[in-house]
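Reproduced below: upload.cif, with mmCIF, C-alpha atoms.
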```cif
data_model
#
loop_
_atom_site.group_PDB
_atom_site.id
_atom_site.type_symbol
_atom_site.label_atom_id
_atom_site.label_comp_id
_atom_site.auth_asym_id
_atom_site.auth_seq_id
_atom_site.Cartn_x
_atom_site.Cartn_y
_atom_site.Cartn_z
ATOM 1 C CA MET A 192 -44.384 126.553 115.061
ATOM 2 C CA PRO A 193 -44.384 123.578 117.454
ATOM 3 C CA ARG A 194 -41.360 123.048 119.640
ATOM 4 C CA ILE A 195 -39.542 119.757 119.018
ATOM 5 C CA ALA A 196 -37.225 117.847 121.352
ATOM 6 C CA ILE A 197 -34.831 115.148 120.201
ATOM 7 C CA LEU A 198 -33.866 112.893 123.112
ATOM 8 C CA ASP A 199 -30.825 110.739 123.848
ATOM 9 C CA ASP A 200 -28.737 111.803 120.873
ATOM 10 C CA TYR A 201 -25.620 110.367 122.510
ATOM 11 C CA GLN A 202 -23.293 111.130 119.593
ATOM 12 C CA ASP A 203 -24.887 114.549 118.913
ATOM 13 C CA ILE A 204 -25.469 113.654 115.263
ATOM 14 C CA ALA A 205 -29.265 113.681 114.843
ATOM 15 C CA LEU A 206 -29.231 117.016 113.041
ATOM 16 C CA GLN A 207 -26.603 115.688 110.618
ATOM 17 C CA ARG A 208 -28.518 112.554 109.608
ATOM 18 C CA ALA A 209 -31.681 114.267 108.344
ATOM 19 C CA ASP A 210 -33.025 117.605 107.117
ATOM 20 C CA TRP A 211 -34.539 119.402 110.105
ATOM 21 C CA SER A 212 -34.423 122.828 108.396
ATOM 22 C CA GLY A 213 -37.257 125.198 109.244
ATOM 23 C CA LEU A 214 -38.163 123.325 112.403
ATOM 24 C CA ASP A 215 -37.768 124.541 115.989
ATOM 25 C CA VAL A 216 -35.557 121.742 117.350
ATOM 26 C CA THR A 217 -33.737 121.269 120.666
ATOM 27 C CA VAL A 218 -31.370 118.325 121.056
ATOM 28 C CA PHE A 219 -30.753 116.552 124.361
ATOM 29 C CA SER A 220 -27.559 114.516 124.148
ATOM 30 C CA GLU A 221 -27.460 113.338 127.758
ATOM 31 C CA PRO A 222 -30.025 111.055 129.408
ATOM 32 C CA LEU A 223 -32.714 112.938 131.314
ATOM 33 C CA GLY A 224 -33.317 111.710 134.831
ATOM 34 C CA ASP A 225 -35.963 114.393 135.266
ATOM 35 C CA LEU A 226 -38.379 115.005 132.398
ATOM 36 C CA SER A 227 -39.297 118.532 133.510
ATOM 37 C CA PRO A 228 -37.084 120.131 130.796
ATOM 38 C CA LEU A 229 -39.491 118.606 128.256
ATOM 39 C CA LEU A 230 -42.527 120.469 129.588
ATOM 40 C CA PRO A 231 -42.515 123.215 126.876
ATOM 41 C CA PHE A 232 -42.323 120.808 123.942
ATOM 42 C CA ASP A 233 -45.193 119.838 121.655
ATOM 43 C CA ILE A 234 -43.287 117.056 119.883
ATOM 44 C CA ILE A 235 -40.765 114.608 121.332
ATOM 45 C CA CYS A 236 -38.578 112.405 119.146
ATOM 46 C CA ILE A 237 -37.045 109.437 120.924
ATOM 47 C CA MET A 238 -34.350 106.925 120.040
ATOM 48 C CA ARG A 239 -35.627 103.408 120.625
ATOM 49 C CA GLU A 240 -36.090 102.595 124.331
ATOM 50 C CA ARG A 241 -33.410 104.826 125.815
ATOM 51 C CA THR A 242 -35.899 106.940 127.792
ATOM 52 C CA PRO A 243 -38.999 105.194 129.171
ATOM 53 C CA PHE A 244 -42.365 106.910 128.896
ATOM 54 C CA PRO A 245 -44.741 105.378 131.470
ATOM 55 C CA ARG A 246 -48.109 106.920 132.317
ATOM 56 C CA ALA A 247 -46.491 109.263 134.845
ATOM 57 C CA ALA A 248 -44.407 110.820 132.068
ATOM 58 C CA PHE A 249 -47.501 111.619 129.996
ATOM 59 C CA ASP A 250 -49.177 113.004 133.106
ATOM 60 C CA ALA A 251 -46.236 115.367 133.554
ATOM 61 C CA LEU A 252 -46.184 116.626 129.940
ATOM 62 C CA PRO A 253 -49.567 118.256 129.205
ATOM 63 C CA ASN A 254 -48.236 120.111 126.129
ATOM 64 C CA LEU A 255 -47.149 116.935 124.348
ATOM 65 C CA LYS A 256 -49.077 116.268 121.134
ATOM 66 C CA LEU A 257 -46.825 113.961 119.096
ATOM 67 C CA MET A 258 -44.177 111.394 119.963
ATOM 68 C CA VAL A 259 -42.078 109.792 117.247
ATOM 69 C CA THR A 260 -40.132 106.672 118.120
ATOM 70 C CA THR A 261 -37.479 105.098 115.962
ATOM 71 C CA GLY A 262 -38.330 101.502 115.112
ATOM 72 C CA LYS A 263 -41.780 100.042 114.577
ATOM 73 C CA VAL A 264 -42.451 99.121 118.209
ATOM 74 C CA ASN A 265 -41.245 100.522 121.502
ATOM 75 C CA ALA A 266 -41.944 98.654 124.741
ATOM 76 C CA ALA A 267 -40.812 101.681 126.767
ATOM 77 C CA ILE A 268 -43.875 103.709 125.766
ATOM 78 C CA ASP A 269 -47.178 103.256 127.608
ATOM 79 C CA LEU A 270 -49.390 103.402 124.529
ATOM 80 C CA ASP A 271 -52.588 103.311 126.562
ATOM 81 C CA ALA A 272 -51.428 106.376 128.486
ATOM 82 C CA ALA A 273 -50.497 108.139 125.263
ATOM 83 C CA ARG A 274 -53.965 107.435 123.871
ATOM 84 C CA ASP A 275 -55.641 108.631 127.070
ATOM 85 C CA HIS A 276 -53.707 111.903 126.868
ATOM 86 C CA GLY A 277 -54.464 112.421 123.191
ATOM 87 C CA VAL A 278 -50.827 111.994 122.161
ATOM 88 C CA VAL A 279 -50.240 110.625 118.687
ATOM 89 C CA VAL A 280 -47.386 108.103 118.594
ATOM 90 C CA SER A 281 -45.700 107.534 115.236
ATOM 91 C CA SER A 282 -42.873 105.162 114.349
ATOM 92 C CA THR A 283 -40.219 104.561 111.721
ATOM 93 C CA ASN A 284 -38.934 101.571 109.835
ATOM 94 C CA SER A 285 -35.827 99.727 110.996
ATOM 95 C CA PRO A 286 -33.417 98.020 108.576
ATOM 96 C CA GLY A 287 -32.849 95.295 111.186
ATOM 97 C CA HIS A 288 -29.651 93.693 109.904
ATOM 98 C CA ALA A 289 -27.148 95.816 111.830
ATOM 99 C CA THR A 290 -27.700 93.971 115.106
ATOM 100 C CA ALA A 291 -27.135 90.610 113.425
ATOM 101 C CA GLU A 292 -23.830 91.916 112.072
ATOM 102 C CA LEU A 293 -22.759 93.154 115.500
ATOM 103 C CA THR A 294 -23.654 89.758 116.984
ATOM 104 C CA TRP A 295 -20.993 88.162 114.822
ATOM 105 C CA GLY A 296 -18.491 90.836 115.781
ATOM 106 C CA LEU A 297 -19.078 89.896 119.408
ATOM 107 C CA ILE A 298 -18.878 86.148 118.724
ATOM 108 C CA LEU A 299 -15.571 86.591 116.927
ATOM 109 C CA SER A 300 -14.304 88.873 119.683
ATOM 110 C CA LEU A 301 -14.992 86.119 122.211
ATOM 111 C CA SER A 302 -13.697 83.207 120.191
ATOM 112 C CA ARG A 303 -10.444 84.923 119.152
ATOM 113 C CA ASN A 304 -9.896 87.114 122.242
ATOM 114 C CA ILE A 305 -9.744 90.186 120.016
ATOM 115 C CA PRO A 306 -10.263 92.859 122.722
ATOM 116 C CA THR A 307 -7.560 91.316 124.923
ATOM 117 C CA GLU A 308 -5.075 90.893 122.090
ATOM 118 C CA GLU A 309 -5.717 94.398 120.763
ATOM 119 C CA ARG A 310 -5.137 95.888 124.211
ATOM 120 C CA ASN A 311 -2.005 93.799 124.726
ATOM 121 C CA MET A 312 -0.627 94.839 121.335
ATOM 122 C CA ARG A 313 -0.936 98.498 122.295
ATOM 123 C CA GLU A 314 0.900 97.728 125.553
ATOM 124 C CA GLY A 315 3.791 96.092 123.743
ATOM 125 C CA ARG A 316 2.900 92.408 124.121
ATOM 126 C CA TRP A 317 2.505 89.751 121.422
ATOM 127 C CA GLN A 318 0.255 86.641 121.199
ATOM 128 C CA THR A 319 -0.872 86.163 124.780
ATOM 129 C CA THR A 320 -3.992 84.004 124.306
ATOM 130 C CA LEU A 321 -5.196 81.006 122.311
ATOM 131 C CA GLY A 322 -8.434 81.323 120.371
ATOM 132 C CA VAL A 323 -10.904 78.659 119.294
ATOM 133 C CA ASP A 324 -12.358 77.750 115.884
ATOM 134 C CA LEU A 325 -16.015 78.282 115.080
ATOM 135 C CA ARG A 326 -16.062 75.743 112.271
ATOM 136 C CA GLY A 327 -17.471 72.467 113.513
ATOM 137 C CA LYS A 328 -18.936 74.055 116.651
ATOM 138 C CA THR A 329 -22.637 74.277 117.546
ATOM 139 C CA LEU A 330 -24.458 77.600 117.523
ATOM 140 C CA GLY A 331 -27.584 77.746 119.681
ATOM 141 C CA ILE A 332 -30.036 80.513 118.850
ATOM 142 C CA ILE A 333 -32.748 81.573 121.266
ATOM 143 C CA GLY A 334 -35.409 83.238 119.140
ATOM 144 C CA LEU A 335 -35.323 82.456 115.428
ATOM 145 C CA GLY A 336 -37.154 85.514 114.121
ATOM 146 C CA ARG A 337 -35.936 88.275 111.828
ATOM 147 C CA LEU A 338 -32.581 88.732 113.566
ATOM 148 C CA GLY A 339 -32.053 85.188 114.802
ATOM 149 C CA SER A 340 -32.574 83.784 111.320
ATOM 150 C CA GLN A 341 -29.923 86.124 109.911
ATOM 151 C CA VAL A 342 -27.469 85.041 112.594
ATOM 152 C CA ALA A 343 -28.268 81.402 111.776
ATOM 153 C CA ARG A 344 -27.471 81.838 108.090
ATOM 154 C CA ILE A 345 -24.123 83.438 108.880
ATOM 155 C CA GLY A 346 -23.360 80.622 111.305
ATOM 156 C CA THR A 347 -23.927 78.123 108.514
ATOM 157 C CA ALA A 348 -21.420 80.027 106.377
ATOM 158 C CA PHE A 349 -18.871 79.589 109.181
ATOM 159 C CA GLY A 350 -19.448 75.842 109.054
ATOM 160 C CA MET A 351 -21.327 75.649 112.345
ATOM 161 C CA SER A 352 -24.212 73.355 113.218
ATOM 162 C CA ILE A 353 -27.291 75.407 114.102
ATOM 163 C CA ILE A 354 -29.802 74.525 116.799
ATOM 164 C CA ALA A 355 -32.617 76.761 117.988
ATOM 165 C CA TRP A 356 -35.284 77.133 120.624
ATOM 166 C CA SER A 357 -38.120 79.470 121.436
ATOM 167 C CA ARG A 358 -41.496 78.884 123.011
ATOM 168 C CA ASN A 359 -43.451 78.683 119.748
ATOM 169 C CA LEU A 360 -40.793 77.548 117.288
ATOM 170 C CA THR A 361 -41.772 74.671 114.984
ATOM 171 C CA ASP A 362 -39.593 72.095 113.263
ATOM 172 C CA ALA A 363 -40.509 73.576 109.880
ATOM 173 C CA GLN A 364 -39.620 77.120 110.914
ATOM 174 C CA ALA A 365 -36.267 75.977 112.232
ATOM 175 C CA ALA A 366 -35.519 73.912 109.140
ATOM 176 C CA ALA A 367 -36.287 76.909 106.900
ATOM 177 C CA CYS A 368 -33.381 78.696 108.580
ATOM 178 C CA GLY A 369 -31.042 75.728 108.381
ATOM 179 C CA ALA A 370 -31.500 74.944 112.064
ATOM 180 C CA LYS A 371 -32.729 72.039 114.151
ATOM 181 C CA ARG A 372 -35.360 72.746 116.802
ATOM 182 C CA VAL A 373 -34.347 71.440 120.223
ATOM 183 C CA SER A 374 -35.582 71.804 123.783
ATOM 184 C CA LYS A 375 -34.371 74.662 125.927
ATOM 185 C CA ASP A 376 -32.216 72.470 128.157
ATOM 186 C CA GLU A 377 -30.689 70.642 125.184
ATOM 187 C CA LEU A 378 -29.707 73.942 123.607
ATOM 188 C CA PHE A 379 -27.929 75.134 126.733
ATOM 189 C CA LYS A 380 -26.221 71.807 127.312
ATOM 190 C CA THR A 381 -24.949 71.246 123.766
ATOM 191 C CA ALA A 382 -24.297 74.669 122.204
ATOM 192 C CA ASP A 383 -20.770 76.067 122.097
ATOM 193 C CA VAL A 384 -22.122 79.554 121.383
ATOM 194 C CA ILE A 385 -25.563 80.750 122.524
ATOM 195 C CA SER A 386 -27.009 83.924 121.003
ATOM 196 C CA ILE A 387 -30.245 85.563 122.197
ATOM 197 C CA HIS A 388 -32.663 87.222 119.756
ATOM 198 C CA MET A 389 -36.052 87.449 121.458
ATOM 199 C CA LYS A 390 -38.515 90.303 121.820
ATOM 200 C CA TYR A 391 -38.718 91.104 125.509
ATOM 201 C CA SER A 392 -41.830 90.711 127.612
ATOM 202 C CA ASP A 393 -42.287 90.237 131.349
ATOM 203 C CA GLU A 394 -42.974 86.561 130.656
ATOM 204 C CA ILE A 395 -39.357 85.948 129.672
ATOM 205 C CA ARG A 396 -37.681 87.959 132.416
ATOM 206 C CA TYR A 397 -34.677 85.918 133.584
ATOM 207 C CA LEU A 398 -35.289 83.331 130.897
ATOM 208 C CA VAL A 399 -31.576 82.704 131.355
ATOM 209 C CA GLY A 400 -30.903 82.312 135.073
ATOM 210 C CA GLU A 401 -28.852 80.190 137.437
ATOM 211 C CA THR A 402 -30.313 76.924 136.126
ATOM 212 C CA GLU A 403 -29.681 77.693 132.459
ATOM 213 C CA LEU A 404 -26.180 79.025 133.105
ATOM 214 C CA ALA A 405 -25.369 75.857 135.058
ATOM 215 C CA TRP A 406 -26.428 73.811 132.010
ATOM 216 C CA MET A 407 -23.854 75.524 129.782
ATOM 217 C CA LYS A 408 -20.575 73.943 128.793
ATOM 218 C CA PRO A 409 -17.603 75.267 130.791
ATOM 219 C CA THR A 410 -16.214 76.462 127.442
ATOM 220 C CA GLY A 411 -19.530 77.909 126.225
ATOM 221 C CA PHE A 412 -20.054 81.499 125.122
ATOM 222 C CA LEU A 413 -23.234 83.512 125.789
ATOM 223 C CA VAL A 414 -24.081 86.508 123.589
ATOM 224 C CA ASN A 415 -26.935 88.967 124.187
ATOM 225 C CA THR A 416 -27.782 91.725 121.717
ATOM 226 C CA SER A 417 -31.509 91.530 122.492
ATOM 227 C CA ARG A 418 -32.737 92.810 125.884
ATOM 228 C CA ALA A 419 -30.873 92.764 129.173
ATOM 229 C CA PRO A 420 -33.614 91.427 131.503
ATOM 230 C CA ILE A 421 -33.746 88.176 129.546
ATOM 231 C CA ILE A 422 -30.604 87.248 131.499
ATOM 232 C CA ASP A 423 -30.277 87.343 135.278
ATOM 233 C CA THR A 424 -27.286 89.698 135.334
ATOM 234 C CA ASP A 425 -26.272 88.853 138.899
ATOM 235 C CA ALA A 426 -26.229 85.141 138.074
ATOM 236 C CA LEU A 427 -24.184 85.805 134.937
ATOM 237 C CA ILE A 428 -21.647 87.893 136.859
ATOM 238 C CA GLN A 429 -21.244 85.075 139.358
ATOM 239 C CA VAL A 430 -20.549 82.371 136.757
ATOM 240 C CA LEU A 431 -18.100 84.652 134.953
ATOM 241 C CA GLN A 432 -16.244 85.440 138.160
ATOM 242 C CA ASP A 433 -16.171 81.734 139.042
ATOM 243 C CA GLY A 434 -14.982 80.755 135.556
ATOM 244 C CA LYS A 435 -17.964 78.429 135.085
ATOM 245 C CA ILE A 436 -18.480 79.335 131.397
ATOM 246 C CA GLY A 437 -16.087 80.323 128.639
ATOM 247 C CA GLY A 438 -17.272 83.911 128.398
ATOM 248 C CA ALA A 439 -20.056 86.326 127.572
ATOM 249 C CA ALA A 440 -20.556 89.225 125.197
ATOM 250 C CA LEU A 441 -23.201 91.841 125.950
ATOM 251 C CA ASP A 442 -24.591 94.839 124.090
ATOM 252 C CA VAL A 443 -27.580 95.475 126.382
ATOM 253 C CA TYR A 444 -27.795 96.239 130.100
ATOM 254 C CA ASP A 445 -30.347 96.568 132.891
ATOM 255 C CA VAL A 446 -29.273 100.183 133.401
ATOM 256 C CA GLU A 447 -28.116 102.252 130.444
ATOM 257 C CA PRO A 448 -25.720 103.918 130.110
ATOM 258 C CA LEU A 449 -23.923 101.288 132.204
ATOM 259 C CA PRO A 450 -22.627 102.867 135.433
ATOM 260 C CA ALA A 451 -18.861 103.309 135.568
ATOM 261 C CA ASP A 452 -18.572 101.142 138.685
ATOM 262 C CA HIS A 453 -20.828 98.317 137.475
ATOM 263 C CA PRO A 454 -19.293 94.889 138.222
ATOM 264 C CA LEU A 455 -19.750 93.788 134.605
ATOM 265 C CA ARG A 456 -17.000 96.211 133.632
ATOM 266 C CA SER A 457 -14.456 94.179 135.593
ATOM 267 C CA CYS A 458 -15.769 90.684 134.862
ATOM 268 C CA PRO A 459 -13.247 88.272 133.336
ATOM 269 C CA ASN A 460 -13.914 86.807 129.891
ATOM 270 C CA CYS A 461 -16.592 89.381 129.166
ATOM 271 C CA VAL A 462 -16.794 91.524 126.013
ATOM 272 C CA LEU A 463 -18.919 94.656 126.396
ATOM 273 C CA SER A 464 -20.265 97.042 123.763
ATOM 274 C CA PRO A 465 -22.430 100.106 124.585
ATOM 275 C CA HIS A 466 -25.761 99.083 122.990
ATOM 276 C CA ILE A 467 -24.584 99.727 119.445
ATOM 277 C CA GLY A 468 -26.501 96.933 117.724
ATOM 278 C CA TYR A 469 -28.505 99.430 115.651
ATOM 279 C CA VAL A 470 -26.021 102.317 115.836
ATOM 280 C CA THR A 471 -24.861 102.599 112.218
ATOM 281 C CA GLN A 472 -24.932 105.448 109.711
ATOM 282 C CA GLU A 473 -27.385 103.609 107.478
ATOM 283 C CA THR A 474 -29.793 102.779 110.278
ATOM 284 C CA TYR A 475 -29.669 106.297 111.689
ATOM 285 C CA ASP A 476 -30.401 107.732 108.238
ATOM 286 C CA VAL A 477 -33.609 105.688 108.194
ATOM 287 C CA PHE A 478 -34.450 106.448 111.818
ATOM 288 C CA TYR A 479 -33.955 110.214 111.720
ATOM 289 C CA GLY A 480 -35.045 110.644 108.112
ATOM 290 C CA GLU A 481 -38.408 109.012 108.775
ATOM 291 C CA THR A 482 -38.701 110.819 112.117
ATOM 292 C CA VAL A 483 -38.509 114.145 110.277
ATOM 293 C CA ASP A 484 -41.051 112.888 107.736
ATOM 294 C CA ALA A 485 -43.463 112.032 110.557
ATOM 295 C CA VAL A 486 -42.962 115.419 112.213
ATOM 296 C CA ARG A 487 -43.513 117.373 109.011
ATOM 297 C CA ALA A 488 -46.585 115.318 108.135
ATOM 298 C CA TYR A 489 -48.094 115.912 111.578
ATOM 299 C CA ILE A 490 -47.511 119.660 111.341
ATOM 300 C CA LYS A 491 -49.419 119.589 108.035
ATOM 301 C CA GLY A 492 -52.265 117.726 109.723
ATOM 302 C CA GLN A 493 -51.447 114.379 108.120
ATOM 303 C CA ALA A 494 -50.114 112.053 110.827
ATOM 304 C CA ILE A 495 -48.259 109.051 109.351
ATOM 305 C CA ALA A 496 -46.939 105.704 110.610
ATOM 306 C CA VAL A 497 -49.244 106.005 113.621
ATOM 307 C CA ILE A 498 -49.135 103.202 116.176
ATOM 308 C CA THR A 499 -51.655 104.825 118.527
#
```
Just give me the structure of the file as structure tokens.
Amino acid sequence: MPRIAILDDYQDIALQRADWSGLDVTVFSEPLGDLSPLLPFDIICIMRERTPFPRAAFDALPNLKLMVTTGKVNAAIDLDAARDHGVVVSSTNSPGHATAELTWGLILSLSRNIPTEERNMREGRWQTTLGVDLRGKTLGIIGLGRLGSQVARIGTAFGMSIIAWSRNLTDAQAAACGAKRVSKDELFKTADVISIHMKYSDEIRYLVGETELAWMKPTGFLVNTSRAPIIDTDALIQVLQDGKIGGAALDVYDVEPLPADHPLRSCPNCVLSPHIGYVTQETYDVFYGETVDAVRAYIKGQAIAVIT
């Protein structure tokens, strides 16, 4: 029987979300700085991009035969290295709507100061801030794909005007989502709320930097549930500390879990959530259920959902 490792099960619930019966499974709930504990395992099951697997990781794990990643793609896996080492990499489906829902939770948290008011209520205070309406405001979406288009439709329901930009976006694609395509600088200069929904690549590292942040309205909100390196974090911290924008809401970080002493934790007008965009019962049921399916199929000699 092959030995199976489940990585980065932060809530220690992987075994509850799927039927792993009859399998030799070890769960790792804490992030692994050193991958040496994985040496005995034939199969490794990973949650999204929480643990990177560059070529050096495959070099260090000669017993590895199968890796199953949740989600259809995983930029943290060196697929060429996996192929060179004879490791099969399988994937799962991803419902995809949960992150769009969280995006609106973050937007509402910013616009109505919900975290601050909730904390103040528990400390005995009452009505200490003044929120802003979303109706009549402009929502700027960077990346109008599967998630961005969902966020756009919800924005329309709130009575917002929708503008969008990405490198290859067309007028027709934007119009199909109820949005108007604009230039990058126009989006930053005119949007009241900016939400990022782009697949990360090295080409868009720091797509949002000092220049783009300086373009924003002093009352503007920036929301990122996509990938952390799209924003220059140091530049964002500076504008938040200087009060140059209205606020930011983040679900993704350059280092995860976010260190306890990270300056983002003390930034004013900043709402933080611990990368929970996809962390729902329904999504995990798909993720872990299809992970088990891939493992059982491989053991029977019938690899499924193979990406390399």
Quiz item: Smallest atom-to-atom distance to A:Gly411: which of A:Ile395, A:Ile354, A:Leu230, A:Leu431, using all atoms listed in the file?
Solution: A:Leu431
Exercise. Quick one: apply the PyMOL selection byres ((chain A and resi 437) around 8) to the file and drop the selected residues here as a PyMOL selection string.
Key: chain A and resi 408-412+431+434-436+438-439+460
Quiz item: Any chance you could work out the residue set of the PyMOL selection byres ((chain A and resi 226) around 10) here, as a ChimeraX atom specification?
Solution: /A:222-225,227-230,242,244,248,251-252
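Look at A:Asp215: the protein and nucleic acid residues within 10 Å of it, using all atoms listed in the file and passing over chain neighbours fewer than 3 places away, are A:Met192, A:Pro193, A:Arg194, A:Ile195, A:Ala196, A:Trp211, A:Ser212, A:Phe232.
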Self-check item: Nearest residue to A:Leu293 from the set A:Lys491, A:Arg208, A:His466, A:Lys380 (distances using all atoms listed in the file)
Solution: A:His466
